[in-house]
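> Enclosed is the structure file my_file_0.tsv (TSV, C-alpha atoms).
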chain	number	residue	atom	x	y	z
A	1	MET	CA	19.26	-9.10	-10.14
A	2	GLU	CA	17.76	-6.01	-11.80
A	3	ASP	CA	14.00	-5.51	-11.88
A	4	TYR	CA	13.75	-5.71	-15.67
A	5	GLU	CA	15.51	-9.09	-15.53
A	6	ILE	CA	13.00	-10.35	-12.96
A	7	VAL	CA	10.10	-9.13	-15.12
A	8	ASN	CA	11.62	-10.93	-18.10
A	9	LEU	CA	11.75	-14.13	-16.05
A	10	TYR	CA	8.03	-13.77	-15.36
A	11	TRP	CA	7.36	-13.24	-19.05
A	12	GLU	CA	9.43	-16.31	-19.90
A	13	ARG	CA	7.37	-18.22	-17.27
A	14	LYS	CA	10.44	-19.24	-15.28
A	15	GLU	CA	9.85	-20.09	-11.63
A	16	LYS	CA	13.11	-18.38	-10.77
A	17	ALA	CA	11.15	-15.11	-11.09
A	18	ILE	CA	9.32	-15.84	-7.84
A	19	TYR	CA	12.56	-16.76	-6.07
A	20	GLU	CA	14.23	-13.54	-7.25
A	21	THR	CA	11.19	-11.45	-6.30
A	22	GLU	CA	11.13	-12.92	-2.82
A	23	LYS	CA	14.87	-12.47	-2.45
A	24	LYS	CA	14.73	-8.81	-3.45
A	25	TYR	CA	11.35	-7.68	-2.07
A	26	GLY	CA	10.21	-10.41	0.33
A	27	HIS	CA	10.89	-8.40	3.48
A	28	LYS	CA	8.87	-5.46	2.15
A	29	VAL	CA	5.99	-7.72	1.09
A	30	PHE	CA	5.95	-9.32	4.54
A	31	TYR	CA	6.08	-5.90	6.21
A	32	VAL	CA	3.17	-4.45	4.21
A	33	ILE	CA	1.00	-7.50	4.81
A	34	GLY	CA	2.01	-7.61	8.48
A	35	ASN	CA	0.73	-4.05	8.93
A	36	ILE	CA	-2.73	-5.24	7.88
A	37	LEU	CA	-2.93	-8.80	9.23
A	38	THR	CA	-1.81	-10.03	12.63
A	39	ASN	CA	-1.81	-13.82	12.38
A	40	ARG	CA	1.51	-15.25	11.17
A	41	GLN	CA	-0.16	-18.02	9.11
A	42	ASP	CA	-2.46	-15.50	7.41
A	43	ILE	CA	0.52	-13.29	6.63
A	44	GLU	CA	2.47	-16.19	5.12
A	45	GLU	CA	-0.57	-17.26	3.09
A	46	CYS	CA	-0.93	-13.72	1.73
A	47	VAL	CA	2.77	-13.55	0.91
A	48	ASN	CA	2.41	-16.73	-1.17
A	49	ASP	CA	-0.77	-15.38	-2.77
A	50	THR	CA	1.13	-12.20	-3.67
A	51	TYR	CA	3.74	-14.14	-5.63
A	52	LEU	CA	1.03	-16.19	-7.30
A	53	GLY	CA	-0.80	-12.96	-8.15
A	54	ALA	CA	2.35	-11.54	-9.71
A	55	TRP	CA	2.87	-14.78	-11.66
A	56	ASN	CA	-0.70	-14.69	-12.98
A	57	SER	CA	-0.67	-10.95	-13.74
A	58	MET	CA	2.64	-10.73	-15.51
A	59	PRO	CA	1.79	-12.05	-18.96
A	60	GLU	CA	-0.87	-9.34	-19.36
A	61	ALA	CA	1.10	-6.60	-17.63
A	62	ARG	CA	4.70	-5.48	-17.87
A	63	PRO	CA	5.14	-3.36	-14.75
A	64	TYR	CA	7.10	-0.16	-15.06
A	65	CYS	CA	8.03	-0.26	-11.38
A	66	LEU	CA	8.30	-3.81	-10.04
A	67	PRO	CA	8.35	-2.98	-6.30
A	68	ALA	CA	5.20	-0.83	-6.60
A	69	PHE	CA	3.52	-3.56	-8.65
A	70	ILE	CA	4.39	-6.29	-6.13
A	71	LEU	CA	3.51	-4.20	-3.07
A	72	ARG	CA	0.15	-3.21	-4.59
A	73	ILE	CA	-0.65	-6.89	-5.09
A	74	ALA	CA	0.48	-7.62	-1.50
A	75	LYS	CA	-1.65	-4.83	-0.08
A	76	ASN	CA	-4.71	-5.93	-2.06
A	77	MET	CA	-4.26	-9.58	-1.02
A	78	ALA	CA	-3.93	-8.56	2.63
A	79	LEU	CA	-7.02	-6.35	2.47
A	80	LYS	CA	-9.04	-9.15	0.86
A	81	LYS	CA	-7.89	-11.55	3.56
A	82	TYR	CA	-8.60	-8.97	6.26
A	83	ASN	CA	-12.15	-8.43	4.95
A	84	TYR	CA	-12.67	-12.19	4.84
A	85	LEU	CA	-11.40	-12.73	8.38
A	86	THR	CA	-13.13	-9.86	10.11
A	87	ALA	CA	-16.77	-9.80	10.85
A	88	ASP	CA	-16.69	-8.39	14.38
A	89	LYS	CA	-12.95	-8.56	14.97
A	90	ARG	CA	-10.89	-5.46	14.22
A	91	ASN	CA	-7.25	-4.64	13.49
A	92	ARG	CA	-7.08	-1.37	15.42
A	93	ASN	CA	-4.18	0.03	13.39
A	94	LEU	CA	-5.92	-0.52	10.05
A	95	GLU	CA	-9.29	0.65	11.39
A	96	THR	CA	-7.75	3.79	12.89
A	97	ALA	CA	-5.96	4.65	9.63
A	98	MET	CA	-9.18	4.17	7.66
A	99	GLU	CA	-11.20	6.20	10.20
A	100	GLU	CA	-8.72	9.07	9.93
A	101	LEU	CA	-9.48	9.32	6.21
A	102	ASP	CA	-13.23	8.88	6.71
A	103	GLY	CA	-15.06	11.87	5.33
A	104	ILE	CA	-12.16	12.71	3.06
A	105	ILE	CA	-11.96	9.58	0.94
A	106	SER	CA	-14.85	7.17	1.17
A	107	THR	CA	-14.26	3.68	-0.17
A	108	LYS	CA	-17.87	2.65	0.57
A	109	ASP	CA	-19.61	5.43	-1.38
A	110	ILE	CA	-17.43	5.27	-4.49
A	111	GLU	CA	-19.18	3.10	-7.04
A	112	SER	CA	-17.46	3.93	-10.28
A	113	GLU	CA	-13.99	2.84	-11.37
A	114	ILE	CA	-13.62	6.22	-13.07
A	115	ILE	CA	-14.18	8.08	-9.81
A	116	ILE	CA	-11.67	5.83	-8.05
A	117	LYS	CA	-9.05	6.59	-10.71
A	118	GLN	CA	-9.83	10.32	-10.60
A	119	THR	CA	-9.53	10.35	-6.82
A	120	ALA	CA	-6.24	8.42	-6.92
A	121	ALA	CA	-4.86	10.81	-9.55
A	122	ALA	CA	-5.97	13.81	-7.47
A	123	VAL	CA	-4.34	12.41	-4.32
A	124	ASN	CA	-1.12	11.78	-6.25
A	125	GLU	CA	-1.20	15.31	-7.65
A	126	PHE	CA	-1.87	16.71	-4.18
A	127	LEU	CA	1.06	14.77	-2.72
A	128	LYS	CA	3.43	16.06	-5.42
A	129	GLY	CA	2.98	19.52	-3.92
A	130	LYS	CA	3.95	18.39	-0.43
A	131	LYS	CA	7.41	18.30	1.08
A	132	PRO	CA	9.15	14.91	0.80
A	133	LEU	CA	8.85	14.22	4.54
A	134	GLN	CA	5.11	14.96	4.52
A	135	ARG	CA	4.64	12.70	1.48
A	136	LYS	CA	6.57	9.87	3.07
A	137	ILE	CA	4.66	10.11	6.34
A	138	PHE	CA	1.32	10.12	4.47
A	139	ILE	CA	2.24	7.11	2.34
A	140	ARG	CA	3.57	5.11	5.28
A	141	ARG	CA	0.38	5.75	7.23
A	142	TYR	CA	-2.31	5.48	4.59
A	143	TYR	CA	-0.78	3.15	2.01
A	144	PHE	CA	1.24	0.81	4.20
A	145	TYR	CA	-0.92	1.30	7.35
A	146	GLU	CA	2.11	1.82	9.57
A	147	PRO	CA	1.35	2.75	13.16
A	148	VAL	CA	2.12	6.34	14.12
A	149	ASN	CA	4.75	5.28	16.65
A	150	GLU	CA	6.70	3.33	14.00
A	151	ILE	CA	6.60	6.29	11.63
A	152	ALA	CA	7.84	8.52	14.44
A	153	VAL	CA	10.74	6.20	15.19
A	154	HIS	CA	11.65	5.87	11.49
A	155	PHE	CA	11.81	9.64	10.97
A	156	LYS	CA	13.13	10.42	14.48
A	157	LEU	CA	10.07	12.51	15.33
A	158	SER	CA	7.70	12.52	18.29
A	159	ASN	CA	4.34	10.79	18.00
A	160	SER	CA	2.61	14.15	18.36
A	161	ALA	CA	4.68	15.63	15.52
A	162	VAL	CA	3.64	12.79	13.21
A	163	LYS	CA	0.00	13.15	14.28
A	164	SER	CA	0.18	16.89	13.59
A	165	VAL	CA	1.63	16.35	10.12
A	166	LEU	CA	-1.08	13.80	9.33
A	167	PHE	CA	-3.83	16.06	10.67
A	168	ARG	CA	-2.67	19.02	8.56
A	169	ILE	CA	-2.29	16.88	5.43
A	170	ARG	CA	-5.78	15.38	5.86
A	171	LYS	CA	-7.24	18.86	6.29
A	172	GLU	CA	-5.43	20.15	3.18
A	173	LEU	CA	-6.34	17.02	1.20
A	174	LYS	CA	-10.00	17.50	2.00
A	175	LYS	CA	-9.89	21.11	0.75
A	176	TYR	CA	-8.00	20.02	-2.36
A	177	LEU	CA	-10.45	17.23	-3.20
A	178	GLU	CA	-13.37	19.61	-2.64
A	179	SER	CA	-11.79	22.13	-5.03
A	180	GLU	CA	-11.41	19.34	-7.60
A	181	GLY	CA	-15.08	18.45	-7.24
A	182	LEU	CA	-14.34	14.98	-5.85
A	183	LEU	CA	-16.02	15.52	-2.46
Would you write out, as structure tokens, the structure that this file holds?


Amino acid sequence: MEDYEIVNLYWERKEKAIYETEKKYGHKVFYVIGNILTNRQDIEECVNDTYLGAWNSMPEARPYCLPAFILRIAKNMALKKYNYLTADKRNRNLETAMEELDGIISTKDIESEIIIKQTAAAVNEFLKGKKPLQRKIFIRRYYFYEPVNEIAVHFKLSNSAVKSVLFRIRKELKKYLESEGLL
């Protein structure tokens, strides 16, 4: 089923929309959430919350890109659950990814929604100027929180090559954000 048809099902408030969404994007939703959470029951709960979130969001929003819309909801649900579950416990992969961006993009110091949007727009603009492979590696690491070794396997690179690409992109991103007055 095409994405626009699935969106129409949501707008018509037909439960088949959730079935079709899961059928088409369920494995990606599970994967994104699984990169953030480790407990199977928590992952399944977040998957269900993602579909509920899409159901509740759809009458107000008509997403241009359904997979991006669904995966953003999934990521946000998983991060909320992660924050709820962790007081002293840590998901090393997520923590490491966040630490790598520390000092470049600070989620704790940003108070204004405007600054968040400006920073997101600047990062998107920065990534447009990168080679497709660099962009894909960056997104897999910092949007989907994929471990470096999985990224390396996916792109048939060594772990050190992926780490080098990420290091250079972070360094360039920091300079770019400074030049834009966002750091």

> As a list in words, please: the residues near Lys23 (chain A) (cut-off 12 Å, all atoms listed in the file, same-chain neighbours under 4 positions excluded).

Met1, Glu2, Asp3, Ile6, Lys16, Ala17, Ile18, Tyr19, His27, Lys28, Val29, Phe30 and Tyr51 of chain A

> For Asn149 (chain A), find every residue with an atom within 9 Å (counting all atoms listed in the file), except residues of its own chain fewer than 3 positions away, and show them as a list in words.

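Contacts, with the query itself left out: Glu146, Ala152, Val153, His154, Ser158, Asn159 and Val162 of chain A.
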
> Have a look at A:Ile43, A:Ile151, A:Leu166, A:Leu177 and name the one nearest to Phe126 (chain A); count only C-alpha atoms.

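Residue with the minimum atom-to-atom distance to Phe126 (chain A): A:Leu177.
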
> With distances taken over all atoms listed in the file, which of A:Arg40, A:Lys75, A:Lys163, A:Lys81 is nearest to Tyr145 (chain A)?

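Comparing A:Arg40, A:Lys75, A:Lys163, A:Lys81 against Tyr145 (chain A), the winner is A:Lys75.
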
> Neighbouring residues of Glu45 (chain A) were defined as those with any atom within 12 Å, considering all atoms listed in the file; residues of the same chain fewer than 3 positions away were excluded. Please report them as an MDAnalysis selection string.

chainID A and resid 29:30 33:34 37 39:42 48:52 74 77:78 80:82

> Determine the nearest neighbour of Arg72 (chain A) from the options A:Val32, A:Asn124, A:Glu44, A:Val148, counting all atoms listed in the file.

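For Arg72 (chain A), the nearest of the given residues is A:Val32.
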
> Quick one: distance from CA of Lys136 (chain A) to CA of Val165 (chain A) in Å, one decimal?

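Separation between CA of Lys136 (chain A) and CA of Val165 (chain A): 10.8 Å.
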
> What does the distance from CA of Gly53 (chain A) to CA of Lys117 (chain A) come to in Å, to one decimal?

21.4 Å

> Please measure the separation of CA of Ile139 (chain A) and CA of Arg170 (chain A), giving the value in Å to one decimal.

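So the answer is 12.0 Å.
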
> Just the residues within 12 Å of Ala61 (chain A), please, counting all atoms listed in the file, with nothing from its chain fewer than 4 positions along; format it as a list of chain:residue names.

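Those residues are A:Val7, A:Asn8, A:Tyr10, A:Trp11, A:Gly53, A:Ala54, A:Trp55, A:Asn56, A:Ser57, A:Cys65, A:Leu66, A:Phe69, A:Ile70.
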
> I'd like the contact shell of Ala97 (chain A) - 10 Å cut-off, all atoms listed in the file, skipping same-chain residues fewer than 5 positions apart - returned as an MDAnalysis selection string.

chainID A and resid 92 102 141:148
